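Enquirer: Have a look at this one before I ask anything.
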Amino acid sequence: LGFSGRRPPLPAFSPSFLVICGSLNPITSRQLDDAEENGFLRIRLTPEQKLDSAFWLRPEGKSLLRQWAELLKQYPRMILDSSDFPGQALTQQYAASHSLGLSEIRTRVSDSYGRILKGLMELGMNSTLMITGGDTLLGCMKRLGVHEMEPLCELEPGTVLSSFTLNRQKCQVISKSGGFGSKDLLSRLARRISAHTPVKKQLKEEAVC
């Protein structure tokens, strides 16, 4: 686009890496499978956890958030996945039994992820965050009360690092559409994030903002 001027400094990454996945794109599914095979802890949300946002206001939901917050301290790489296990259609069955259409399903999944992210952050989560799927990103930011994001650079084709302000603190999020990226995208990002300072230096040299 021919932009000129001074690039903003990139923040340091937290070595912990949390991926919130709302995309059902086959490309993203292959990326999640590859990440799981390479050491990511993958948690698949149940239909109730995805489609009943009030679940996260009940004692069992709050207890689960505390468990996940502790897991993030034990596992440096973790995925929250909205897809069912292969061959299952539990989400469709739940939606049909509650008369939920496709549009309502997408809205509820995004809102539930927003509640999850907000709850984890309130519990002190300190992870590098990645969100896949535009609806999911929007739902999370709306639930956090964030209305502005600043793109910093493209880490991979179609995979963008952005910053936003929450409670006067600068936060960062990696986002991508479901159809972008190679099979080993998450594993490669995790390796770069775990390198921490070298990654920060490399991104300053390579970033195209």
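Ordering of the structure tokens sets the chain letters (A, B, ...); residue numbers start at 1 within each chain; ligands are numbered from 1 in the order shown.
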Run DSSP on the backbone of this structure and report the residues of stretch 40-171 of chain A it assigns to alpha helix (DSSP H), as a ChimeraX atom specification.
Expert: /A:47-51,59-74,90-97,102-122,134-144
Enquirer: Can you list, as a VMD selection string, all residues belonging to stretch 10-207 of chain A that DSSP tags as strand (DSSP E)?
Expert: chain A and resid 17 to 21 41 to 44 77 to 81 128 to 132 150 to 156 159 to 166 169 to 176
Enquirer: If we count only C-alpha atoms, what is near stretch 99-111 of chain A at a cut-off of 10 Å, once residues fewer than 6 positions away on the same chain are taken out, given as number ranges by chain?
Expert: A: 21-23, 45, 47-53, 82, 91-93, 117, 133-143
Enquirer: For A:Leu71, list every protein, DNA or RNA residue within 12 Å, evaluated using only C-alpha atoms, and leave out those in the same chain fewer than 4 positions away; present the list as number ranges by chain.
Expert: A: 16-18, 40-43, 64-67, 75-80, 120, 125, 127
Enquirer: Ranking A:Met130, A:Cys171, A:Cys153, A:Leu57 by minimum distance to A:Ile193 and counting only C-alpha atoms, which one comes first?
Expert: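 Checking each candidate against A:Ile193, we get A:Met130 as the closest.
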Enquirer: Mind giving me the straight-line distance from atom CA of A:Ile27 to atom CA of A:Leu72 in Å, one decimal?
Expert: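 Separation between atom CA of A:Ile27 and atom CA of A:Leu72: 25.2 Å.
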Enquirer: Given the choices A:Val19, A:Leu144, A:Gly5, A:Ser112, which gets closest to A:Ala35 if the distance is worked out from only C-alpha atoms?
Expert: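 For A:Ala35, the nearest of the given residues is A:Val19.
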Enquirer: When distances are computed from only C-alpha atoms, which of A:Ala54, A:Ile131, A:Leu24, A:Met149 shows the smallest separation from A:Leu186?
Expert: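 Nearest to A:Leu186: A:Ile131.
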Enquirer: Considering only C-alpha atoms, return as a VMD selection string whatever protein or nucleic-acid residues lie within 9 Å of A:Asp84, sequence-local ones (same chain, fewer than 3 positions apart) excluded.
Expert: chain A and resid 44 to 47 81 87 to 91
Enquirer: Limited to all heavy atoms, could you put the picked residues into a file as a short mmCIF file (atom, residue, chain, number, x, y, z; two decimals), in the first residue's frame?
Expert:
```cif
data_model
loop_
_atom_site.label_atom_id
_atom_site.label_comp_id
_atom_site.auth_asym_id
_atom_site.auth_seq_id
_atom_site.Cartn_x
_atom_site.Cartn_y
_atom_site.Cartn_z
N ARG A 44 -11.77 -29.91 23.45
CA ARG A 44 -12.96 -29.69 22.62
C ARG A 44 -14.14 -29.31 23.51
O ARG A 44 -14.47 -30.03 24.46
CB ARG A 44 -13.29 -30.94 21.81
CG ARG A 44 -12.22 -31.32 20.78
CD ARG A 44 -12.64 -32.56 20.03
NE ARG A 44 -11.57 -33.11 19.21
CZ ARG A 44 -11.49 -32.94 17.89
NH1 ARG A 44 -12.41 -32.25 17.25
NH2 ARG A 44 -10.50 -33.49 17.20
N LEU A 45 -14.75 -28.18 23.21
CA LEU A 45 -15.89 -27.73 23.99
C LEU A 45 -17.11 -28.62 23.74
O LEU A 45 -17.33 -29.07 22.61
CB LEU A 45 -16.24 -26.27 23.65
CG LEU A 45 -15.48 -25.17 24.41
CD1 LEU A 45 -13.99 -25.25 24.11
CD2 LEU A 45 -16.03 -23.80 24.05
N THR A 46 -17.89 -28.86 24.77
CA THR A 46 -19.13 -29.61 24.62
C THR A 46 -20.18 -28.71 23.99
O THR A 46 -20.06 -27.47 24.01
CB THR A 46 -19.63 -30.12 25.97
OG1 THR A 46 -20.04 -28.99 26.76
CG2 THR A 46 -18.55 -30.90 26.71
N PRO A 47 -21.26 -29.29 23.45
CA PRO A 47 -22.33 -28.46 22.89
C PRO A 47 -22.88 -27.46 23.90
O PRO A 47 -23.14 -26.30 23.54
CB PRO A 47 -23.39 -29.49 22.47
CG PRO A 47 -22.60 -30.70 22.14
CD PRO A 47 -21.48 -30.72 23.14
N ASP A 81 -11.14 -25.77 21.25
CA ASP A 81 -11.64 -26.11 19.92
C ASP A 81 -13.15 -26.25 19.95
O ASP A 81 -13.71 -26.93 20.81
CB ASP A 81 -10.97 -27.41 19.47
CG ASP A 81 -11.36 -27.83 18.06
OD1 ASP A 81 -12.00 -27.04 17.36
OD2 ASP A 81 -11.01 -28.96 17.68
N GLY A 87 -16.72 -37.74 13.06
CA GLY A 87 -17.78 -38.74 13.05
C GLY A 87 -18.92 -38.46 14.00
O GLY A 87 -19.92 -39.19 14.02
N GLN A 88 -18.79 -37.43 14.82
CA GLN A 88 -19.85 -37.07 15.76
C GLN A 88 -20.58 -35.81 15.27
O GLN A 88 -20.01 -35.00 14.55
CB GLN A 88 -19.29 -36.83 17.16
CG GLN A 88 -18.70 -38.06 17.81
CD GLN A 88 -18.26 -37.79 19.24
OE1 GLN A 88 -18.26 -36.66 19.72
NE2 GLN A 88 -17.90 -38.86 19.95
N ALA A 89 -21.82 -35.68 15.70
CA ALA A 89 -22.62 -34.50 15.35
C ALA A 89 -23.36 -34.01 16.58
O ALA A 89 -24.54 -33.64 16.52
CB ALA A 89 -23.59 -34.84 14.23
N LEU A 90 -22.67 -34.00 17.71
CA LEU A 90 -23.31 -33.64 18.98
C LEU A 90 -23.81 -32.20 18.97
O LEU A 90 -24.87 -31.91 19.53
CB LEU A 90 -22.33 -33.86 20.14
CG LEU A 90 -21.83 -35.29 20.35
CD1 LEU A 90 -20.87 -35.34 21.53
CD2 LEU A 90 -23.01 -36.23 20.57
N THR A 91 -23.04 -31.32 18.35
CA THR A 91 -23.45 -29.92 18.32
C THR A 91 -24.73 -29.74 17.50
O THR A 91 -25.65 -29.02 17.91
CB THR A 91 -22.33 -29.04 17.76
OG1 THR A 91 -21.15 -29.20 18.56
CG2 THR A 91 -22.73 -27.58 17.74
#
```
Enquirer: Report, in Å with one decimal, the straight-line distance from atom CA of A:Val160 to atom CA of A:Arg188.
Expert: 14.4 Å
Enquirer: Which residues come within 12 Å of A:Asp184, counting only C-alpha atoms, excluding same-chain residues fewer than 3 positions away, as an MDAnalysis selection string?
Expert: chainID A and resid 27:38 156 180:181 187:191
Enquirer: Write the residues of the preceding selection, restricted to C-alpha atoms, as an mmCIF file, in the first residue's frame.
Expert:
```cif
data_model
loop_
_atom_site.group_PDB
_atom_site.id
_atom_site.type_symbol
_atom_site.label_atom_id
_atom_site.label_comp_id
_atom_site.auth_asym_id
_atom_site.auth_seq_id
_atom_site.Cartn_x
_atom_site.Cartn_y
_atom_site.Cartn_z
ATOM 1 C CA ILE A 27 -7.579 -26.057 6.629
ATOM 2 C CA THR A 28 -7.840 -25.000 10.255
ATOM 3 C CA SER A 29 -8.883 -28.522 11.276
ATOM 4 C CA ARG A 30 -5.684 -29.900 9.767
ATOM 5 C CA GLN A 31 -3.678 -27.252 11.607
ATOM 6 C CA LEU A 32 -5.272 -28.265 14.912
ATOM 7 C CA ASP A 33 -4.606 -31.946 14.247
ATOM 8 C CA ASP A 34 -0.961 -31.181 13.480
ATOM 9 C CA ALA A 35 -0.626 -29.033 16.600
ATOM 10 C CA GLU A 36 -2.131 -31.770 18.779
ATOM 11 C CA GLU A 37 0.294 -34.303 17.292
ATOM 12 C CA ASN A 38 3.129 -31.925 18.187
ATOM 13 C CA GLU A 156 2.594 -15.453 8.421
ATOM 14 C CA PHE A 180 -5.271 -19.356 5.751
ATOM 15 C CA GLY A 181 -2.007 -21.040 6.592
ATOM 16 C CA SER A 187 3.487 -25.506 15.532
ATOM 17 C CA ARG A 188 5.743 -23.019 13.752
ATOM 18 C CA LEU A 189 4.168 -20.067 15.552
ATOM 19 C CA ALA A 190 4.594 -21.857 18.875
ATOM 20 C CA ARG A 191 8.299 -22.398 18.227
#
```
Enquirer: A:Ser14, A:Ser4, A:Thr165, A:Ser97: which is nearest A:Ala195, counting only C-alpha atoms?
Expert: A:Ser14
Enquirer: Give me, please, the distance in Å between atom CA of A:Gly158 and atom CA of A:Gly179, quoted to one decimal.
Expert: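 The value is 9.0 Å.
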Enquirer: Go through A:Leu166, A:Ala96, A:Val173, A:Ala69 and flag the residue nearest A:Gly119, using only C-alpha atoms for the distances.
Expert: A:Ala69
